[in-house]
file entry29.cif (mmCIF, C-alpha atoms)
data_input
#
loop_
_atom_site.label_atom_id
_atom_site.label_comp_id
_atom_site.auth_asym_id
_atom_site.auth_seq_id
_atom_site.Cartn_x
_atom_site.Cartn_y
_atom_site.Cartn_z
CA MET M 26 57.84 55.76 -9.39
CA LEU M 27 56.18 53.95 -12.26
CA ASN M 28 52.56 54.79 -12.96
CA VAL M 29 50.15 52.38 -14.58
CA GLY M 30 46.77 53.82 -15.48
CA LYS M 31 43.37 52.83 -14.14
CA ILE M 32 41.28 50.12 -15.75
CA GLU M 33 37.58 50.57 -16.50
CA GLU M 34 36.38 47.01 -15.90
CA GLY M 35 38.21 43.95 -14.67
CA PHE M 36 40.42 42.95 -11.79
CA VAL M 37 43.34 44.30 -9.87
CA LEU M 38 45.15 41.46 -8.14
CA ASP M 39 47.11 43.03 -5.32
CA HIS M 40 49.50 41.75 -2.67
CA ILE M 41 50.91 39.04 -4.90
CA GLN M 42 54.08 37.65 -3.41
CA ALA M 43 57.01 39.31 -5.26
CA GLY M 44 58.14 37.18 -8.17
CA MET M 45 54.88 35.22 -8.51
CA ALA M 46 53.09 37.48 -11.05
CA MET M 47 54.21 35.56 -14.12
CA SER M 48 53.26 32.23 -12.58
CA ILE M 49 49.78 33.60 -11.89
CA TYR M 50 49.64 35.07 -15.39
CA HIS M 51 50.16 31.57 -16.80
CA HIS M 52 47.90 29.73 -14.38
CA LEU M 53 45.05 32.15 -15.05
CA GLN M 54 45.74 31.60 -18.75
CA LEU M 55 45.86 35.33 -19.32
CA ASP M 56 48.03 34.74 -22.39
CA LYS M 57 44.92 33.29 -24.04
CA LEU M 58 42.75 36.36 -23.35
CA ASP M 59 42.60 39.19 -25.82
CA CYS M 60 42.60 41.96 -23.24
CA THR M 61 44.88 44.50 -21.63
CA VAL M 62 47.07 43.08 -18.88
CA ALA M 63 49.57 45.04 -16.80
CA ILE M 64 52.17 43.09 -14.86
CA ILE M 65 53.85 45.08 -12.14
CA LYS M 66 56.81 43.43 -10.46
CA ASN M 67 58.50 44.35 -7.21
CA ALA M 68 56.22 47.26 -6.38
CA ARG M 69 56.90 48.87 -2.99
CA SER M 70 54.60 47.67 -0.23
CA ASP M 71 54.31 48.71 3.43
CA LYS M 72 52.96 45.32 4.38
CA MET M 73 55.15 43.08 2.22
CA GLU M 74 58.16 45.32 1.41
CA LYS M 75 57.91 44.12 -2.21
CA LYS M 76 54.90 42.80 -4.04
CA ASP M 77 53.61 42.07 -7.52
CA ILE M 78 50.37 43.41 -8.97
CA LEU M 79 48.35 42.29 -11.96
CA LYS M 80 45.78 44.49 -13.66
CA VAL M 81 43.47 42.71 -16.04
CA GLU M 82 40.93 44.57 -18.13
CA CYS M 83 38.29 41.95 -18.88
CA ASP M 84 34.77 40.85 -18.14
CA ILE M 85 34.63 39.93 -14.45
CA ASP M 86 33.26 36.44 -15.16
CA MET M 87 36.26 35.51 -17.23
CA LEU M 88 38.66 34.60 -14.42
CA ASP M 89 38.83 31.34 -12.48
CA LEU M 90 39.30 32.54 -8.93
CA ASP M 91 39.57 28.96 -7.64
CA VAL M 92 42.96 28.73 -9.31
CA LEU M 93 43.99 31.97 -7.67
CA GLY M 94 42.84 30.74 -4.27
CA PHE M 95 44.98 27.64 -4.72
CA ILE M 96 48.10 29.58 -5.72
CA ASP M 97 47.91 32.13 -2.92
CA HIS M 98 44.75 32.84 -0.97
CA ASN M 99 46.34 35.97 0.56
CA ILE M 100 46.09 37.82 -2.74
CA THR M 101 43.63 40.74 -2.68
CA VAL M 102 41.17 40.64 -5.57
CA ASN M 103 39.70 44.04 -6.36
CA VAL M 104 36.78 43.95 -8.77
CA ILE M 105 36.63 47.10 -10.88
CA LYS M 106 33.61 48.56 -12.65
CA ASN M 107 33.48 51.98 -14.23
CA GLY M 108 36.98 52.63 -12.98
CA GLU M 109 36.02 52.07 -9.31
CA ILE M 110 36.53 49.21 -6.88
CA VAL M 111 33.07 47.69 -6.43
CA GLU M 112 34.07 44.59 -4.49
CA LYS M 113 37.01 43.03 -2.68
CA LYS M 114 36.77 39.30 -3.09
CA LYS M 115 38.07 36.98 -0.42
CA LEU M 116 39.91 33.97 -1.71
CA HIS M 117 39.57 30.48 -0.28
CA LEU M 118 41.50 27.30 -0.80
CA PRO M 119 39.35 25.46 -3.36
CA LYS M 120 38.21 21.96 -2.40
CA GLN M 121 39.41 20.59 -5.72
CA ILE M 122 41.42 21.82 -8.68
CA ARG M 123 41.49 20.33 -12.13
CA ASN M 124 44.30 20.45 -14.66
CA VAL M 125 46.08 23.32 -12.90
CA ILE M 126 48.90 21.26 -11.46
CA TYR M 127 50.06 17.86 -12.58
CA CYS M 128 50.81 14.68 -10.66
CA ARG M 129 54.48 13.80 -10.90
CA ASN M 130 54.23 10.39 -9.28
CA PRO M 131 55.49 7.94 -11.93
CA ARG M 132 53.43 5.19 -10.28
CA CYS M 133 50.15 7.15 -10.66
CA ILE M 134 47.60 6.01 -13.25
CA THR M 135 47.68 9.56 -14.71
CA SER M 136 51.28 8.91 -15.78
CA VAL M 137 50.16 6.30 -18.30
CA GLU M 138 46.61 7.29 -19.23
CA GLN M 139 47.13 10.65 -20.89
CA GLU M 140 43.46 11.55 -21.31
CA LEU M 141 42.78 11.56 -17.55
CA PRO M 142 42.34 14.95 -15.87
CA HIS M 143 44.85 15.83 -13.16
CA VAL M 144 42.64 16.43 -10.16
CA PHE M 145 44.00 17.52 -6.78
CA VAL M 146 41.88 17.51 -3.64
CA LEU M 147 42.35 19.69 -0.56
CA ALA M 148 43.43 17.08 2.00
CA ASP M 149 44.39 19.37 4.88
CA PRO M 150 42.76 22.82 4.89
CA ARG M 151 44.82 23.88 7.93
CA LEU M 152 48.15 23.29 6.19
CA GLY M 153 46.86 23.86 2.64
CA ILE M 154 47.95 20.39 1.52
CA TYR M 155 46.63 19.09 -1.78
CA ARG M 156 46.81 15.45 -2.84
CA CYS M 157 46.29 13.77 -6.19
CA LYS M 158 42.76 12.37 -6.26
CA TYR M 159 43.99 9.06 -7.65
CA CYS M 160 47.30 8.20 -5.97
CA GLU M 161 47.13 10.67 -3.01
CA GLU M 162 50.64 11.96 -3.76
CA LYS M 163 51.15 15.26 -1.93
CA PHE M 164 51.68 18.28 -4.18
CA ASP M 165 54.94 20.03 -3.46
CA ARG M 166 54.37 23.79 -3.69
CA ARG M 167 57.97 24.25 -4.77
CA ASN M 168 56.82 22.85 -8.13
CA LEU M 169 54.32 25.67 -8.62
CA MET Z 27 26.10 2.62 -5.77
CA ARG Z 28 29.15 2.18 -3.56
CA HIS Z 29 32.71 1.17 -4.28
CA LEU Z 30 35.59 0.29 -1.97
CA MET Z 31 38.78 2.16 -2.73
CA ASN Z 32 40.23 2.82 0.70
CA PRO Z 33 39.66 1.08 4.04
CA LEU Z 34 38.51 4.41 5.45
CA ASP Z 35 35.66 4.62 2.91
CA PHE Z 36 33.53 2.80 5.50
CA SER Z 37 32.74 4.43 8.83
CA VAL Z 38 33.47 2.54 12.07
CA GLN Z 39 29.72 1.75 12.35
CA GLU Z 40 29.58 0.47 8.77
CA LEU Z 41 32.63 -1.69 9.45
CA ASP Z 42 30.93 -3.10 12.53
CA ARG Z 43 27.95 -4.12 10.42
CA LEU Z 44 30.26 -5.62 7.79
CA PHE Z 45 32.16 -7.62 10.41
CA ASP Z 46 28.92 -8.79 12.07
CA LEU Z 47 27.83 -10.07 8.68
CA ALA Z 48 31.23 -11.75 8.12
CA ASN Z 49 30.93 -13.51 11.49
CA ASP Z 50 27.39 -14.63 10.66
CA ILE Z 51 28.71 -16.03 7.37
CA GLU Z 52 31.48 -17.82 9.29
CA ASN Z 53 28.93 -19.50 11.57
CA ASN Z 54 26.17 -20.13 9.02
CA MET Z 55 27.81 -20.81 5.67
CA PRO Z 56 24.88 -22.84 4.21
CA LYS Z 57 22.55 -19.87 4.76
CA TYR Z 58 24.58 -17.85 2.26
CA ALA Z 59 25.28 -20.63 -0.27
CA HIS Z 60 22.90 -19.20 -2.89
CA ALA Z 61 22.85 -15.54 -1.88
CA CYS Z 62 24.54 -14.45 -5.12
CA ALA Z 63 22.98 -17.00 -7.48
CA GLY Z 64 22.89 -15.50 -10.96
CA LYS Z 65 25.42 -12.78 -10.07
CA LYS Z 66 28.87 -12.51 -11.60
CA LEU Z 67 32.12 -11.19 -10.16
CA ALA Z 68 34.75 -9.94 -12.62
CA THR Z 69 38.31 -10.24 -11.32
CA CYS Z 70 40.33 -7.79 -13.39
CA PHE Z 71 43.92 -8.40 -12.34
CA TYR Z 72 46.41 -6.36 -14.36
CA GLU Z 73 49.21 -7.97 -12.38
CA PRO Z 74 49.36 -11.44 -10.91
CA SER Z 75 48.28 -11.94 -7.31
CA THR Z 76 47.15 -15.49 -6.89
CA ARG Z 77 46.08 -15.35 -3.24
CA THR Z 78 43.99 -12.20 -3.48
CA ARG Z 79 42.35 -13.28 -6.73
CA LEU Z 80 41.55 -16.77 -5.44
CA SER Z 81 40.22 -15.30 -2.20
CA PHE Z 82 37.79 -13.11 -4.16
CA GLU Z 83 36.81 -15.98 -6.41
CA ALA Z 84 36.31 -18.34 -3.46
CA ALA Z 85 34.16 -15.67 -1.79
CA MET Z 86 31.87 -15.33 -4.83
CA LEU Z 87 31.68 -19.09 -5.40
CA ASN Z 88 30.78 -19.61 -1.71
CA LEU Z 89 27.88 -17.22 -2.29
CA GLY Z 90 26.62 -19.26 -5.25
CA GLY Z 91 27.73 -16.68 -7.82
CA SER Z 92 30.06 -17.08 -10.79
CA VAL Z 93 33.39 -15.51 -11.66
CA LEU Z 94 35.08 -14.35 -14.84
CA GLY Z 95 38.13 -12.24 -15.50
CA PHE Z 96 41.81 -12.12 -16.32
CA SER Z 97 44.87 -12.61 -14.18
CA ASP Z 98 47.50 -10.46 -15.86
CA ALA Z 99 47.57 -7.48 -18.19
CA ASN Z 100 48.98 -9.49 -21.11
CA SER Z 101 45.84 -11.56 -21.33
CA SER Z 102 43.59 -8.50 -21.30
CA SER Z 103 42.81 -5.75 -23.76
CA ALA Z 104 45.24 -3.54 -21.83
CA ALA Z 105 47.96 -5.24 -23.88
CA LYS Z 106 46.33 -3.64 -26.94
CA GLY Z 107 46.38 -0.26 -25.24
CA GLU Z 108 42.81 -0.04 -23.95
CA SER Z 109 42.34 2.42 -21.09
CA VAL Z 110 41.02 1.38 -17.67
CA SER Z 111 37.99 3.65 -18.25
CA ASP Z 112 37.06 1.80 -21.46
CA THR Z 113 37.71 -1.64 -19.95
CA ILE Z 114 35.39 -1.04 -16.98
CA ARG Z 115 32.62 0.24 -19.26
CA ILE Z 116 32.79 -3.10 -21.08
CA ILE Z 117 33.11 -5.14 -17.87
CA SER Z 118 30.00 -3.33 -16.56
CA CYS Z 119 28.07 -5.03 -19.38
CA TYR Z 120 29.34 -8.49 -18.42
CA ALA Z 121 29.39 -8.63 -14.61
CA ASP Z 122 27.57 -7.35 -11.51
CA ILE Z 123 30.64 -6.43 -9.44
CA CYS Z 124 34.34 -6.07 -10.15
CA ALA Z 125 37.52 -6.61 -8.11
CA MET Z 126 40.44 -4.81 -9.72
CA ARG Z 127 44.16 -5.07 -9.08
CA HIS Z 128 46.44 -2.76 -11.04
CA PRO Z 129 50.14 -1.86 -10.75
CA LYS Z 130 49.34 1.86 -11.16
CA GLU Z 131 48.12 3.80 -8.14
CA GLY Z 132 44.57 5.12 -8.47
CA ALA Z 133 43.58 2.86 -11.40
CA PRO Z 134 40.60 1.31 -9.52
CA MET Z 135 39.36 4.83 -8.72
CA VAL Z 136 39.46 5.74 -12.41
CA ALA Z 137 37.43 2.57 -13.03
CA ALA Z 138 34.94 3.44 -10.27
CA GLU Z 139 34.30 6.85 -11.85
CA LYS Z 140 33.17 5.28 -15.12
CA SER Z 141 31.66 2.06 -13.83
CA ARG Z 142 28.01 1.03 -13.72
CA ILE Z 143 28.83 -1.74 -11.21
CA PRO Z 144 30.53 -1.61 -7.78
CA VAL Z 145 34.33 -1.70 -8.00
CA ILE Z 146 36.55 -3.10 -5.24
CA ASN Z 147 40.18 -2.03 -5.12
CA ALA Z 148 42.07 -5.32 -4.86
CA GLY Z 149 45.41 -3.51 -4.61
CA ASP Z 150 46.79 -0.58 -6.63
CA GLY Z 151 50.58 -0.54 -6.64
CA GLY Z 152 52.02 0.59 -3.33
CA HIS Z 153 48.94 2.69 -2.58
CA GLN Z 154 45.98 0.81 -1.05
CA HIS Z 155 44.87 -2.75 -0.48
CA PRO Z 156 41.64 -2.23 1.49
CA THR Z 157 40.43 -5.83 1.60
CA GLN Z 158 43.71 -6.84 3.31
CA THR Z 159 43.01 -4.21 5.98
CA LEU Z 160 39.42 -5.44 6.37
CA THR Z 161 40.81 -8.97 6.71
CA ASP Z 162 43.24 -7.85 9.43
CA LEU Z 163 40.53 -5.99 11.33
CA LEU Z 164 38.07 -8.88 11.13
CA THR Z 165 40.75 -11.33 12.33
CA ILE Z 166 41.57 -9.16 15.36
CA ARG Z 167 37.93 -8.46 16.17
CA SER Z 168 36.89 -12.10 15.83
CA LEU Z 169 39.77 -13.61 17.80
CA ARG Z 170 40.30 -10.85 20.34
CA GLY Z 171 36.68 -9.77 20.65
CA ARG Z 172 37.30 -6.07 20.10
CA LEU Z 173 39.15 -3.47 18.07
CA ASP Z 174 39.76 -0.94 20.84
CA HIS Z 175 42.10 -0.70 23.83
CA LEU Z 176 44.78 -2.85 22.26
CA THR Z 177 48.56 -2.61 22.11
CA ILE Z 178 49.66 -3.60 18.65
CA GLY Z 179 53.26 -4.21 17.62
CA LEU Z 180 54.08 -3.88 13.95
CA CYS Z 181 57.35 -5.45 12.99
CA GLY Z 182 59.58 -5.44 9.93
CA ASP Z 183 59.40 -3.16 6.90
CA LEU Z 184 57.30 -0.29 8.21
CA LYS Z 185 58.51 2.18 5.59
CA PHE Z 186 57.26 0.61 2.37
CA GLY Z 187 54.61 -1.76 3.70
CA ARG Z 188 51.24 -0.47 2.50
CA THR Z 189 49.35 -3.04 4.57
CA VAL Z 190 50.95 -1.63 7.71
CA HIS Z 191 50.08 1.98 6.84
CA SER Z 192 46.47 1.12 6.02
CA LEU Z 193 46.09 -0.93 9.18
CA ILE Z 194 47.43 1.88 11.40
CA ASN Z 195 45.07 4.39 9.74
CA ALA Z 196 42.14 2.05 10.24
CA LEU Z 197 42.97 1.18 13.87
CA SER Z 198 43.64 4.81 14.78
CA ARG Z 199 39.87 5.38 14.58
CA TYR Z 200 39.31 3.15 17.63
CA GLU Z 201 39.72 4.26 21.24
CA GLY Z 202 42.58 3.35 23.53
CA MET Z 203 44.98 2.09 20.87
CA ARG Z 204 48.73 2.03 21.43
CA PHE Z 205 51.26 1.25 18.70
CA ILE Z 206 54.76 -0.20 18.99
CA PHE Z 207 56.79 0.12 15.79
CA ILE Z 208 59.59 -2.43 15.56
CA SER Z 209 61.94 -1.88 12.64
CA PRO Z 210 65.52 -1.12 11.64
CA ASP Z 211 66.30 2.58 11.21
CA GLU Z 212 66.31 2.16 7.43
CA LEU Z 213 62.72 0.93 7.43
CA ARG Z 214 61.15 3.18 10.06
CA ILE Z 215 57.51 4.17 9.91
CA PRO Z 216 57.07 7.31 7.71
CA ASP Z 217 56.75 10.69 9.42
CA TYR Z 218 53.26 11.34 8.10
CA ILE Z 219 51.98 8.36 10.08
CA THR Z 220 53.61 9.41 13.35
CA GLU Z 221 52.40 12.99 12.75
CA MET Z 222 48.86 11.67 12.36
CA LEU Z 223 49.18 9.69 15.61
CA ARG Z 224 50.54 12.71 17.48
CA ASP Z 225 47.68 14.84 16.11
CA LYS Z 226 45.18 12.33 17.46
CA GLN Z 227 47.14 11.94 20.70
CA ILE Z 228 47.55 8.21 20.15
CA PRO Z 229 50.59 6.83 22.00
CA TYR Z 230 53.31 5.07 20.02
CA GLU Z 231 56.89 3.92 20.51
CA GLU Z 232 59.62 3.04 18.07
CA VAL Z 233 62.04 0.27 18.96
CA ILE Z 234 64.75 -1.66 17.13
CA ARG Z 235 64.49 -5.11 18.72
CA LEU Z 236 61.50 -7.38 18.52
CA GLU Z 237 61.97 -8.90 21.99
CA GLU Z 238 62.00 -5.54 23.80
CA LYS Z 239 58.27 -4.93 23.91
CA MET Z 240 57.00 -8.47 23.39
CA PRO Z 241 55.50 -8.86 26.90
CA GLU Z 242 53.30 -5.77 26.37
CA LEU Z 243 51.70 -6.80 23.07
CA ASP Z 244 48.12 -7.87 22.44
CA ILE Z 245 48.77 -8.23 18.71
CA LEU Z 246 52.02 -8.75 16.81
CA TYR Z 247 51.73 -7.90 13.13
CA MET Z 248 54.73 -9.31 11.27
CA THR Z 249 55.89 -8.21 7.83
CA ARG Z 250 58.76 -9.25 5.62
CA VAL Z 251 62.10 -7.42 5.68
CA GLN Z 252 63.24 -7.55 2.08
CA LYS Z 253 66.93 -7.67 1.29
CA GLU Z 254 66.58 -5.20 -1.59
CA ARG Z 255 65.37 -2.48 0.80
CA PHE Z 256 68.82 -2.19 2.38
CA PHE Z 257 71.66 -0.08 1.08
CA ASN Z 258 74.20 -2.82 1.64
CA GLU Z 259 74.29 -6.52 2.38
CA GLU Z 260 76.23 -6.05 5.61
CA ASP Z 261 73.36 -4.12 7.19
CA TYR Z 262 70.88 -6.68 5.99
CA ILE Z 263 72.83 -9.57 7.49
CA ARG Z 264 73.35 -7.63 10.73
CA LEU Z 265 69.67 -6.78 11.14
CA LYS Z 266 67.62 -9.54 9.58
CA ASP Z 267 67.69 -11.85 12.61
CA PHE Z 268 66.21 -9.11 14.78
CA TYR Z 269 63.03 -9.44 12.76
CA ILE Z 270 62.68 -13.20 12.60
CA LEU Z 271 60.08 -14.53 14.99
CA ASN Z 272 60.86 -17.94 16.47
CA LYS Z 273 59.75 -20.03 19.41
CA LYS Z 274 62.51 -18.65 21.64
CA LYS Z 275 61.50 -15.02 21.14
CA LEU Z 276 57.88 -15.97 21.62
CA ARG Z 277 58.57 -17.15 25.19
CA LYS Z 278 58.33 -13.54 26.35
CA ALA Z 279 54.96 -12.98 24.67
CA PRO Z 280 51.64 -13.02 26.57
CA GLU Z 281 49.63 -16.24 26.38
CA ASN Z 282 46.78 -14.60 24.48
CA MET Z 283 48.81 -12.47 22.05
CA LEU Z 284 47.86 -12.93 18.38
CA ILE Z 285 50.44 -13.16 15.61
CA LEU Z 286 49.23 -11.86 12.26
CA HIS Z 287 51.00 -11.65 8.90
CA PRO Z 288 49.57 -10.52 5.54
CA LEU Z 289 51.41 -13.44 3.84
CA PRO Z 290 53.29 -14.66 1.88
CA ARG Z 291 55.72 -15.45 4.68
CA VAL Z 292 59.32 -16.08 3.64
CA ASN Z 293 61.54 -16.58 6.66
CA GLU Z 294 60.42 -13.85 9.05
CA ILE Z 295 58.31 -16.32 11.01
CA SER Z 296 60.06 -19.56 11.73
CA VAL Z 297 57.94 -22.63 10.87
CA ASP Z 298 58.24 -23.82 14.48
CA VAL Z 299 55.85 -21.00 15.41
CA ASP Z 300 53.09 -22.27 13.07
CA ASP Z 301 51.68 -24.73 15.61
CA ASP Z 302 51.60 -22.18 18.42
CA PRO Z 303 47.97 -21.29 19.21
CA ARG Z 304 48.92 -17.62 19.03
CA ALA Z 305 49.86 -17.95 15.34
CA VAL Z 306 46.70 -16.99 13.48
CA TYR Z 307 48.08 -16.00 10.06
CA PHE Z 308 46.50 -18.97 8.29
CA LYS Z 309 43.16 -18.32 10.00
CA GLN Z 310 43.62 -14.73 8.81
CA ALA Z 311 43.50 -15.98 5.19
CA GLN Z 312 40.21 -17.73 6.02
CA TYR Z 313 38.83 -14.49 7.48
CA GLY Z 314 39.87 -12.85 4.22
CA VAL Z 315 37.32 -14.98 2.40
CA TYR Z 316 34.56 -14.22 4.95
CA VAL Z 317 35.14 -10.48 4.81
CA ARG Z 318 35.16 -10.50 1.00
CA MET Z 319 31.88 -12.43 1.04
CA ALA Z 320 30.40 -9.84 3.40
CA LEU Z 321 31.75 -7.05 1.20
CA ILE Z 322 30.27 -8.50 -2.00
CA LEU Z 323 26.86 -8.84 -0.31
CA THR Z 324 27.06 -5.31 1.09
CA LEU Z 325 28.09 -3.66 -2.17
CA LEU Z 326 25.47 -5.62 -4.14
CA ASN Z 327 22.94 -4.68 -1.47
CA ILE Z 328 21.84 -8.29 -1.00
CA GLN Z 329 20.13 -9.13 2.29
CA VAL Z 330 19.96 -12.73 3.43
#

call {"tool": "encode", "arguments": {"input": "entry29.cif", "output": "structure tokens"}}
result
Amino acid sequence: MLNVGKIEEGFVLDHIQAGMAMSIYHHLQLDKLDCTVAIIKNARSDKMEKKDILKVECDIDMLDLDVLGFIDHNITVNVIKNGEIVEKKKLHLPKQIRNVIYCRNPRCITSVEQELPHVFVLADPRLGIYRCKYCEEKFDRRNL
Amino acid sequence: MRHLMNPLDFSVQELDRLFDLANDIENNMPKYAHACAGKKLATCFYEPSTRTRLSFEAAMLNLGGSVLGFSDANSSSAAKGESVSDTIRIISCYADICAMRHPKEGAPMVAAEKSRIPVINAGDGGHQHPTQTLTDLLTIRSLRGRLDHLTIGLCGDLKFGRTVHSLINALSRYEGMRFIFISPDELRIPDYITEMLRDKQIPYEEVIRLEEKMPELDILYMTRVQKERFFNEEDYIRLKDFYILNKKKLRKAPENMLILHPLPRVNEISVDVDDDPRAVYFKQAQYGVYVRMALILTLLNIQV
């Protein structure tokens, strides 16, 4: 059993679907933060059999939880202060996400006007379907 | 300030008001002859579309306003690489309202975000063409007296036809609608449309032959079946006659059925149908002008 130590302040992202930790690492732009990050892959889980975990030692305002909600709103976000869990945040599907995913429709205006933001809007909260704000192309989660 | 990007941007009640205004315009044209005096419409057409552009221009001229614009991207600053966002900022200094057609989907929405004047989507690629849908709705409402409790047959290319998709979405908001989709297998209505209808418990049927359901239709909406949509010529030749409306097929249709077509018509409606009182596709073009006049007045917030 591998042991990764406690963090003093930051987040523990638990119940990440096995194999998704690196994708989340990139989407949260953790590579750009100068802080300690532990990536745990394929940890044993009673609920999920296998899961990934991310531990991020940073100021708690530094993470964009909207992005996390979009990627997988079943992830458990534990907020840590002084080495203790002070809050478990519930994630929601954000109404809109900006420059997290990119429209691949070659007929979309974003394909020719490079300076435009790639904005996706939650079109169906029940099914978690996002569509490009401009051309309404459905985002295929397999491209995540 | 309001724009029109999608036919569903207006609620059913707002559409009712718009169509009431369009009908008042139809019956009292002189009353509106100077309603837009001193106002300018910019028609920014990044791809040619003569009928839509002329319809918008006719609408503004009928209202006593003026028009300016360009009719293809080569004669605009887009040829020099100017973005849609920059172009609309400039157009906002020259005109009071803008109708934009663009080959790229979502371009009019980009314009609307940066614009200081109302923007009307006059067609963005295969995405939306809201004023065509408003035209179709006004034609049905004016000639049939209502937009609910109707059986509407849509015939031809139901897979790629954006006018068909928009019209179904718009009509699905009214009560008692029933849809009959008439198309070859290759050009069937997309799943997301039938899923939407099932979700809303709106009845629909899919059939291959035009004659099959003709006696049940209140409205027949014809579209063109394009040869290039088929995988091979054999299939095209085998199927194309199924989707050509002629006098003989029309014998089975109810006396008061309306035949609509977004135009241009190629050969899917035989010319011998043109004189039939049920053929209203040329009147439809006239309603297109009335609804665009009503839209310009509404977006400019001009009361007459």

call {"tool": "residues_around", "arguments": {"input": "entry29.cif", "residues": "Glu212 in chain Z", "least_positions_apart": "6", "cutoff": "12 Å", "atoms": "all atoms listed in the file", "output": "list in words"}}
result
Gly182, Asp183, Leu184, Lys185, Phe186, Ile234, Val251, Gln252, Lys253, Glu254, Arg255, Phe256, Phe257, Asn258, Asp261, Tyr262, Leu265 and Lys266 of chain Z

call {"tool": "residues_around", "arguments": {"input": "entry29.cif", "residues": "His51 in chain M", "least_positions_apart": "3", "cutoff": "12 Å", "atoms": "only C-alpha atoms", "output": "NGL selection string"}}
result
:M and (45-48 or 54-58 or 64 or 79 or 92-93 or 96 or 125-126 or 169)

call {"tool": "closest_atom_pairs", "arguments": {"input": "entry29.cif", "of": "chain M", "to": "chain Z", "cutoff": "10 Å", "atoms": "all atoms listed in the file", "output": "Markdown table"}}
result
| residue | atom | partner | partner_atom | distance |
| --- | --- | --- | --- | --- |
| M:Asn130 | CA | Z:Glu131 | CA | 9.1 |
| M:Pro131 | CA | Z:Lys130 | CA | 8.7 |
| M:Arg132 | CA | Z:Lys130 | CA | 5.3 |
| M:Cys133 | CA | Z:Glu131 | CA | 4.7 |
| M:Ile134 | CA | Z:Lys130 | CA | 5.0 |
| M:Thr135 | CA | Z:Gly132 | CA | 8.3 |
| M:Ser136 | CA | Z:Lys130 | CA | 8.6 |
| M:Val137 | CA | Z:Lys130 | CA | 8.4 |
| M:Glu138 | CA | Z:Ser109 | CA | 6.7 |
| M:Gln139 | CA | Z:Ser109 | CA | 9.5 |
| M:Glu140 | CA | Z:Ser109 | CA | 9.2 |
| M:Leu141 | CA | Z:Val136 | CA | 8.4 |
| M:Cys157 | CA | Z:Gly132 | CA | 9.1 |
| M:Lys158 | CA | Z:Gly132 | CA | 7.8 |
| M:Tyr159 | CA | Z:Gly132 | CA | 4.1 |
| M:Cys160 | CA | Z:Gly132 | CA | 4.8 |
| M:Glu161 | CA | Z:His153 | CA | 8.2 |
| M:Glu162 | CA | Z:His153 | CA | 9.5 |

call {"tool": "residues_around", "arguments": {"input": "entry29.cif", "residues": "Lys274 in chain Z", "least_positions_apart": "6", "cutoff": "10 Å", "atoms": "all atoms listed in the file", "output": "list in words"}}
result
Glu237, Asp298 and Val299 of chain Z

call {"tool": "residues_around", "arguments": {"input": "entry29.cif", "residues": "Leu147 in chain M", "least_positions_apart": "5", "cutoff": "9 Å", "atoms": "all atoms listed in the file", "output": "JSON, numbers by chain"}}
result
{"M": [118, 119, 120, 121, 122, 153, 154, 155, 156]}

call {"tool": "resolve_selection", "arguments": {"input": "entry29.cif", "expression": "the PyMOL selection byres ((chain M and resi 37) around 9)", "output": "list in words"}}
result
Ile32, Gly35, Phe36, Leu38, Asp39, Ile78, Leu79, Lys80, Val81, Glu82, Thr101, Val102, Asn103, Val104, Ile105 and Ile110 of chain M

call {"tool": "axis_aligned_box", "arguments": {"input": "entry29.cif", "around": "range 115-123 of chain Z", "padding_each_side": "6 Å", "output": "JSON"}}
result
{"center_x": 30.3, "center_y": -4.2, "center_z": -15.3, "size_x": 17.5, "size_y": 20.9, "size_z": 23.6}

call {"tool": "resolve_selection", "arguments": {"input": "entry29.cif", "expression": "the PyMOL selection byres ((chain Z and resi 283) around 12)", "output": "PyMOL selection string"}}
result
chain Z and resi 166+169-170+176-179+240-247+276-282+284-286+302-306

call {"tool": "closest_residue", "arguments": {"input": "entry29.cif", "among": "Z:Ala99, Z:Val315, Z:Val297, Z:Ile194", "to": "Pro74 in chain Z", "atoms": "only C-alpha atoms"}}
result
Z:Ala99

call {"tool": "resolve_selection", "arguments": {"input": "entry29.cif", "expression": "the PyMOL selection byres ((chain M and resi 98) around 8)", "output": "PyMOL selection string"}}
result
chain M and resi 93-97+99-100+115-118

call {"tool": "residues_around", "arguments": {"input": "entry29.cif", "residues": "range 59-73 of chain Z", "least_positions_apart": "6", "cutoff": "6 Å", "atoms": "all atoms listed in the file", "output": "list in words"}}
result
Asn88, Leu89, Gly90, Gly91, Ser92, Val93, Leu94, Gly95, Phe96, Ser97, Asp98, Ala99, Ala121, Asp122, Ile123, Cys124, Ala125, Met126, Arg127 and His128 of chain Z

call {"tool": "write_last_selection", "arguments": {"input": "entry29.cif", "atoms": "C-alpha atoms", "output": "short mmCIF file (atom, residue, chain, number, x, y, z; two decimals), keeping the file's coordinate frame"}}
result
data_model
loop_
_atom_site.label_atom_id
_atom_site.label_comp_id
_atom_site.auth_asym_id
_atom_site.auth_seq_id
_atom_site.Cartn_x
_atom_site.Cartn_y
_atom_site.Cartn_z
CA ASN Z 88 30.78 -19.61 -1.71
CA LEU Z 89 27.88 -17.22 -2.29
CA GLY Z 90 26.62 -19.26 -5.25
CA GLY Z 91 27.73 -16.68 -7.82
CA SER Z 92 30.06 -17.08 -10.79
CA VAL Z 93 33.39 -15.51 -11.66
CA LEU Z 94 35.08 -14.35 -14.84
CA GLY Z 95 38.13 -12.24 -15.50
CA PHE Z 96 41.81 -12.12 -16.32
CA SER Z 97 44.87 -12.61 -14.18
CA ASP Z 98 47.50 -10.46 -15.86
CA ALA Z 99 47.57 -7.48 -18.19
CA ALA Z 121 29.39 -8.63 -14.61
CA ASP Z 122 27.57 -7.35 -11.51
CA ILE Z 123 30.64 -6.43 -9.44
CA CYS Z 124 34.34 -6.07 -10.15
CA ALA Z 125 37.52 -6.61 -8.11
CA MET Z 126 40.44 -4.81 -9.72
CA ARG Z 127 44.16 -5.07 -9.08
CA HIS Z 128 46.44 -2.76 -11.04
#
